[in-house]
file start-v4.cif (mmCIF, C-alpha atoms and all ligand atoms)
data_upload
#
loop_
_atom_site.label_atom_id
_atom_site.label_comp_id
_atom_site.auth_asym_id
_atom_site.auth_seq_id
_atom_site.Cartn_x
_atom_site.Cartn_y
_atom_site.Cartn_z
CA MET A 25 15.87 -2.47 -5.72
CA ALA A 26 14.35 -2.82 -9.15
CA TYR A 27 10.89 -3.75 -7.92
CA GLY A 28 10.59 -1.11 -5.24
CA LEU A 29 11.14 -3.02 -2.04
CA ALA A 30 10.46 -1.03 1.08
CA ALA A 31 12.89 1.68 1.98
CA PHE A 32 12.91 0.95 5.66
CA SER A 33 12.61 -2.78 6.03
CA SER A 34 15.22 -4.18 8.35
CA ARG A 35 14.76 -7.82 7.39
CA PRO A 36 17.00 -9.61 4.92
CA GLN A 37 15.12 -9.87 1.66
CA PRO A 38 14.23 -11.51 -0.52
CA ALA A 39 15.09 -14.70 1.29
CA TYR A 40 15.63 -17.18 -1.53
CA SER A 41 18.14 -19.05 0.59
CA GLN A 42 15.44 -19.96 3.11
CA GLY A 43 14.21 -22.76 0.84
CA PRO A 44 10.69 -24.17 0.84
CA THR A 45 8.57 -24.15 3.98
CA ALA A 46 5.25 -25.80 4.67
CA HIS A 47 3.33 -22.89 3.24
CA SER A 48 5.61 -21.40 0.62
CA PRO A 49 6.39 -22.61 -2.89
CA PRO A 50 9.78 -24.22 -3.57
CA PHE A 51 12.89 -22.20 -4.39
CA HIS A 52 12.53 -22.21 -8.16
CA ALA A 53 8.88 -21.20 -7.96
CA ILE A 54 9.68 -18.21 -5.78
CA TYR A 55 12.49 -17.15 -8.07
CA LYS A 56 10.38 -17.54 -11.19
CA GLY A 57 7.56 -15.67 -9.52
CA MET A 58 9.73 -12.64 -8.82
CA GLU A 59 9.89 -11.98 -12.55
CA LEU A 60 6.15 -11.39 -12.42
CA ILE A 61 6.46 -8.50 -10.00
CA PRO A 62 5.83 -5.32 -11.99
CA ASN A 63 8.67 -2.81 -11.62
CA ASN A 64 8.24 0.87 -10.80
CA GLU A 65 7.71 1.96 -14.42
CA GLU A 66 5.30 -0.90 -15.16
CA VAL A 67 3.20 0.07 -12.15
CA LEU A 68 3.16 3.71 -13.27
CA ASN A 69 2.11 2.59 -16.76
CA ILE A 70 -0.85 0.72 -15.27
CA LEU A 71 -1.76 3.81 -13.24
CA ARG A 72 -1.57 6.07 -16.32
CA LYS A 73 -3.50 3.66 -18.52
CA THR A 74 -6.35 3.36 -16.01
CA GLY A 75 -6.55 7.13 -15.40
CA ALA A 76 -5.30 6.80 -11.82
CA LEU A 77 -2.24 8.92 -12.60
CA LYS A 78 -2.74 12.17 -14.47
CA GLU A 79 -0.33 14.92 -15.45
CA GLY A 80 -1.46 18.53 -15.73
CA HIS A 81 -2.29 21.30 -13.29
CA PHE A 82 -4.49 20.48 -10.32
CA VAL A 83 -5.77 22.30 -7.24
CA LEU A 84 -6.30 19.80 -4.42
CA PRO A 85 -9.02 20.02 -1.72
CA SER A 86 -6.23 21.17 0.66
CA GLY A 87 -5.64 24.20 -1.58
CA ARG A 88 -2.24 22.93 -2.71
CA HIS A 89 -1.32 22.93 -6.39
CA THR A 90 0.41 20.05 -8.18
CA ASP A 91 1.36 18.82 -11.64
CA HIS A 92 0.51 15.15 -10.91
CA LEU A 93 -2.72 13.63 -9.61
CA LEU A 94 -2.77 10.10 -8.22
CA GLN A 95 -6.15 8.51 -7.45
CA MET A 96 -5.63 4.82 -6.78
CA PRO A 97 -9.33 3.80 -6.82
CA LEU A 98 -9.38 4.57 -10.54
CA ALA A 99 -6.83 1.80 -11.10
CA MET A 100 -8.46 -0.67 -8.73
CA ARG A 101 -11.82 -0.50 -10.57
CA TYR A 102 -10.40 -2.75 -13.30
CA TYR A 103 -10.19 -6.32 -12.08
CA ARG A 104 -7.28 -7.40 -14.27
CA GLU A 105 -5.08 -4.44 -13.39
CA ALA A 106 -6.07 -4.67 -9.74
CA LYS A 107 -5.11 -8.34 -9.79
CA THR A 108 -1.72 -7.68 -11.44
CA LEU A 109 -0.92 -5.14 -8.73
CA SER A 110 -2.11 -7.15 -5.75
CA VAL A 111 -0.51 -10.40 -6.94
CA GLY A 112 2.78 -8.54 -7.48
CA LEU A 113 2.56 -7.16 -3.96
CA SER A 114 1.73 -10.61 -2.57
CA ARG A 115 4.96 -11.95 -4.07
CA LEU A 116 6.98 -9.32 -2.21
CA LEU A 117 5.25 -10.31 1.02
CA ARG A 118 5.91 -14.01 0.42
CA SER A 119 9.61 -13.24 -0.01
CA ASP A 120 9.75 -12.15 3.63
CA PRO A 121 10.50 -15.30 5.66
CA GLU A 122 8.87 -13.85 8.76
CA ILE A 123 5.61 -13.50 6.81
CA ALA A 124 6.00 -16.72 4.81
CA ARG A 125 6.28 -18.82 7.95
CA HIS A 126 2.88 -17.60 9.20
CA LEU A 127 1.01 -18.07 5.90
CA PRO A 128 -1.83 -18.78 5.41
CA ASN A 129 -2.72 -17.98 9.02
CA VAL A 130 -2.66 -14.23 8.63
CA SER A 131 -5.30 -11.51 8.59
CA ILE A 132 -5.22 -8.77 5.98
CA VAL A 133 -6.51 -5.55 7.51
CA SER A 134 -7.14 -2.19 5.85
CA PRO A 135 -7.54 1.22 7.49
CA ALA A 136 -9.79 2.66 4.76
CA THR A 137 -12.09 1.80 1.86
CA GLY A 138 -9.32 2.51 -0.66
CA GLY A 139 -7.40 -0.45 0.70
CA ILE A 140 -10.26 -2.96 0.47
CA PRO A 141 -9.67 -4.10 -3.14
CA VAL A 142 -5.95 -4.44 -2.39
CA ALA A 143 -6.78 -6.41 0.76
CA TYR A 144 -9.01 -8.84 -1.17
CA GLY A 145 -6.41 -9.25 -3.92
CA LEU A 146 -3.71 -10.00 -1.36
CA GLY A 147 -6.06 -12.17 0.65
CA GLU A 148 -6.77 -14.34 -2.37
CA ALA A 149 -3.12 -14.58 -3.44
CA LEU A 150 -1.86 -15.36 0.07
CA ARG A 151 -4.89 -17.52 1.01
CA ALA A 152 -5.23 -15.37 4.11
CA SER A 153 -7.59 -16.57 6.79
CA GLN A 154 -9.40 -13.24 7.20
CA ILE A 155 -9.80 -9.89 5.44
CA TYR A 156 -11.36 -6.94 7.25
CA TRP A 157 -11.13 -3.19 7.62
CA ALA A 158 -11.54 -0.41 10.14
CA GLU A 159 -14.10 2.39 10.08
CA ARG A 160 -13.30 6.01 10.79
CA VAL A 161 -15.07 7.13 13.99
CA ASP A 162 -13.78 10.72 13.88
CA LYS A 163 -10.77 12.61 12.57
CA THR A 164 -8.31 10.92 14.88
CA ARG A 165 -9.86 7.54 15.64
CA LEU A 166 -10.39 4.26 13.81
CA GLU A 167 -12.54 1.44 15.15
CA PHE A 168 -13.68 -2.00 14.06
CA ARG A 169 -17.34 -2.91 13.69
CA GLN A 170 -18.98 -4.29 16.76
CA PHE A 171 -18.45 -8.08 16.98
CA MET A 172 -15.40 -7.88 14.69
CA GLU A 173 -13.10 -9.49 17.19
CA VAL A 174 -9.34 -9.32 16.97
CA HIS A 175 -7.77 -12.34 18.60
CA GLU A 176 -4.78 -12.43 20.90
CA ASN A 177 -1.62 -13.04 18.84
CA GLU A 178 -3.54 -12.79 15.54
CA GLN A 179 -0.91 -12.27 12.81
CA CYS A 180 -1.87 -9.24 10.72
CA ILE A 181 -0.64 -7.52 7.58
CA VAL A 182 -1.84 -3.92 7.34
CA VAL A 183 -2.71 -2.99 3.77
CA ASP A 184 -3.71 0.13 1.85
CA ASP A 185 -3.61 1.36 -1.74
CA ILE A 186 -1.15 4.20 -1.02
CA LEU A 187 1.11 5.38 1.78
CA ARG A 188 1.47 9.17 2.00
CA THR A 189 1.58 10.50 5.56
CA GLY A 190 1.01 7.01 7.01
CA HIS A 191 -1.31 8.43 9.68
CA MET A 192 -4.11 5.96 9.03
CA LEU A 193 -1.75 3.01 8.71
CA SER A 194 -0.09 3.87 12.01
CA GLN A 195 -3.49 4.34 13.68
CA LEU A 196 -4.58 0.91 12.47
CA ARG A 197 -1.29 -0.65 13.59
CA ASP A 198 -1.81 0.85 17.06
CA LEU A 199 -5.44 -0.31 17.18
CA LEU A 200 -4.45 -3.88 16.29
CA LEU A 201 -1.61 -3.91 18.82
CA SER A 202 -3.96 -2.57 21.52
CA ARG A 203 -6.21 -5.62 20.89
CA GLY A 204 -3.32 -8.05 21.34
CA ALA A 205 -2.68 -8.74 17.65
CA LYS A 206 0.77 -8.91 16.04
CA VAL A 207 1.52 -6.77 12.99
CA LEU A 208 3.94 -8.44 10.59
CA ALA A 209 4.24 -5.77 7.91
CA LEU A 210 2.61 -2.92 6.06
CA ALA A 211 1.92 -3.28 2.36
CA VAL A 212 0.80 -0.67 -0.17
CA ILE A 213 0.72 -0.48 -3.95
CA VAL A 214 2.34 2.97 -4.03
CA TYR A 215 4.64 4.64 -1.54
CA GLN A 216 4.54 8.43 -1.89
CA PRO A 217 6.48 9.86 1.03
CA ASN A 218 6.43 13.53 1.98
CA VAL A 219 7.78 15.65 4.83
CA GLU A 220 4.85 14.63 7.05
CA THR A 221 5.30 10.87 6.56
CA VAL A 222 5.51 9.15 9.94
CA ASP A 223 8.27 6.73 10.82
CA LEU A 224 6.69 3.28 10.75
CA SER A 225 9.85 1.37 11.66
CA PRO A 226 10.65 -1.25 12.79
CA LEU A 227 7.79 -2.66 10.69
CA PRO A 228 8.81 -3.52 7.14
CA VAL A 229 6.86 -1.57 4.52
CA TYR A 230 6.39 -3.28 1.16
CA SER A 231 5.42 -1.30 -1.93
CA LEU A 232 5.38 -1.96 -5.66
CA ALA A 233 6.26 1.58 -6.68
CA ARG A 234 7.69 4.70 -5.13
CA VAL A 235 6.82 8.16 -6.45
CA GLN A 236 7.56 11.71 -5.43
CA TYR A 237 5.73 14.69 -6.89
CA THR A 238 5.93 18.40 -6.29
CA TYR A 239 3.24 20.31 -4.42
CA TRP A 240 2.95 24.08 -4.09
CA GLU A 241 1.23 25.67 -1.10
CA ASN A 242 -0.97 28.05 -3.09
CA GLU A 243 -1.48 29.96 -6.33
CA GLU A 244 1.32 32.45 -5.55
CA ALA A 245 3.87 29.64 -5.16
CA CYS A 246 2.71 27.66 -8.22
CA PRO A 247 4.79 28.06 -11.41
CA LEU A 248 1.94 26.64 -13.53
CA CYS A 249 -0.38 29.41 -12.33
CA LYS A 250 2.35 31.94 -13.19
CA LYS A 251 2.48 30.51 -16.72
CA GLY A 252 -1.29 30.83 -16.98
CA VAL A 253 -1.92 27.06 -17.35
CA ALA A 254 -5.61 26.31 -16.68
CA ALA A 255 -6.09 24.36 -13.43
CA VAL A 256 -8.52 21.53 -12.69
CA SER A 257 -10.10 21.67 -9.25
CA VAL A 258 -10.04 18.28 -7.50
CA LYS A 259 -13.10 17.64 -5.32
CA VAL A 260 -12.29 14.27 -3.68
ZN ZN B 301 -1.30 26.36 -9.83
#
call {"tool": "encode", "arguments": {"input": "start-v4.cif", "output": "structure tokens"}}
result
Amino acid sequence: MAYGLAAFSSRPQPAYSQGPTAHSPPFHAIYKGMELIPNNEEVLNILRKTGALKEGHFVLPSGRHTDHLLQMPLAMRYYREAKTLSVGLSRLLRSDPEIARHLPNVSIVSPATGGIPVAYGLGEALRASQIYWAERVDKTRLEFRQFMEVHENEQCIVVDDILRTGHMLSQLRDLLLSRGAKVLALAVIVYQPNVETVDLSPLPVYSLARVQYTYWENEEACPLCKKGVAAVSVKV
């Protein structure tokens, strides 16, 4: 779809025919609002303009080489752009009747610091009851702060700035489910799938933009190195 709805959502969407509910705006407001969802190219323009998306020749911390570098925190540092992106994403979430019927009694939960500005933007737009995030305990484990209680049947939307492998999102989903919460959906600004991306179905995944860039394993495999293009080493 034009505004990058999730590739693997199984729900009918957007559900204009559902009409108004107690917590969602009336039909015409939803329809009008959809025009304010930035499309794929508009999102990429915001990312370029803010320096979050760069083209060139980069060597990543993993040793891989690439011709595109995407660093979402560079976009989220600007309040206006961050708001445009998170409000756009909130409109996609509102279009899901399963989410709309629970609003505003939902928690927005992020697996990492990169997702916190997105979580607050969504939290404000959806009038969510809570916004919180997990901490990384070690390489394979996320945990919530002590006294951060997840309630039985708490309705959660798991949020991050970008979905690549989905490992952290799936870890957070599992952590929430293990505490008795319900996860309604995953939402990210950018969906950048690769061969390692985990299958998150049956949860719907909402994203504003989808991108796919090329990565080369090392210098020998990189055509830019072969052409002698100077590379920038990426630290974080
Ligand atoms: Zn290279």
call {"tool": "closest_atom_pairs", "arguments": {"input": "start-v4.cif", "of": "chain A", "to": "ligand ZN 301 (chain B)", "cutoff": "7 Å", "atoms": "all atoms listed in the file", "output": "Markdown table"}}
result
| residue | atom | partner | partner_atom | distance |
| --- | --- | --- | --- | --- |
| A:His81 | CA | B:ZN301 | ZN | 6.2 |
| A:Phe82 | CA | B:ZN301 | ZN | 6.7 |
| A:Val83 | CA | B:ZN301 | ZN | 6.6 |
| A:His89 | CA | B:ZN301 | ZN | 4.9 |
| A:Thr90 | CA | B:ZN301 | ZN | 6.7 |
| A:Asn242 | CA | B:ZN301 | ZN | 7.0 |
| A:Glu243 | CA | B:ZN301 | ZN | 5.0 |
| A:Cys246 | CA | B:ZN301 | ZN | 4.5 |
| A:Pro247 | CA | B:ZN301 | ZN | 6.5 |
| A:Leu248 | CA | B:ZN301 | ZN | 4.9 |
| A:Cys249 | CA | B:ZN301 | ZN | 4.0 |
| A:Ala255 | CA | B:ZN301 | ZN | 6.3 |
call {"tool": "residues_around", "arguments": {"input": "start-v4.cif", "residues": "Pro135 of chain A", "least_positions_apart": "5", "cutoff": "7 Å", "atoms": "all atoms listed in the file", "output": "JSON, numbers by chain"}}
result
{"A": [157, 158, 184, 192, 193, 196]}
call {"tool": "residues_around", "arguments": {"input": "start-v4.cif", "residues": "Gln216 of chain A", "least_positions_apart": "3", "cutoff": "8 Å", "atoms": "all atoms listed in the file", "output": "ChimeraX atom specification"}}
result
/A:186-188,234-236
call {"tool": "atom_distance", "arguments": {"input": "start-v4.cif", "atom1": "atom CA of Tyr215 of chain A", "atom2": "atom CA of Asn64 of chain A"}}
result
10.6 Å
call {"tool": "residues_around", "arguments": {"input": "start-v4.cif", "residues": "Leu77 of chain A", "least_positions_apart": "4", "cutoff": "6 Å", "atoms": "all atoms listed in the file", "output": "ChimeraX atom specification"}}
result
/A:71-72,93-94
call {"tool": "residues_around", "arguments": {"input": "start-v4.cif", "residues": "segment 167-171 of chain A", "least_positions_apart": "6", "cutoff": "12 Å", "atoms": "all atoms listed in the file", "output": "PyMOL selection string"}}
result
chain A and resi 133-136+156-161+192+195-200+202-203
call {"tool": "residues_around", "arguments": {"input": "start-v4.cif", "residues": "segment 108-114 of chain A", "least_positions_apart": "2", "cutoff": "8 Å", "atoms": "all atoms listed in the file", "output": "list of chain:residue names"}}
result
A:Leu60, A:Ile61, A:Pro62, A:Val67, A:Arg104, A:Glu105, A:Ala106, A:Leu116, A:Leu117, A:Arg118, A:Val142, A:Gly145, A:Leu146, A:Ala149, A:Leu150, A:Ala211, A:Val212, A:Ile213, A:Tyr230, A:Ser231, A:Leu232
call {"tool": "atom_distance", "arguments": {"input": "start-v4.cif", "atom1": "atom CA of Ser194 of chain A", "atom2": "atom CA of Pro217 of chain A"}}
result
14.1 Å
call {"tool": "axis_aligned_box", "arguments": {"input": "start-v4.cif", "around": "segment 151-160 of chain A", "padding_each_side": "4 Å", "output": "lines of an AutoDock Vina configuration file"}}
result
center_x = -9.5
center_y = -5.8
center_z = 5.9
size_x = 17.2
size_y = 31.5
size_z = 17.8
call {"tool": "closest_residue", "arguments": {"input": "start-v4.cif", "among": "A:Asn218, A:Tyr103, A:Leu84, A:Glu178", "to": "Gly204 of chain A", "atoms": "all atoms listed in the file"}}
result
A:Glu178
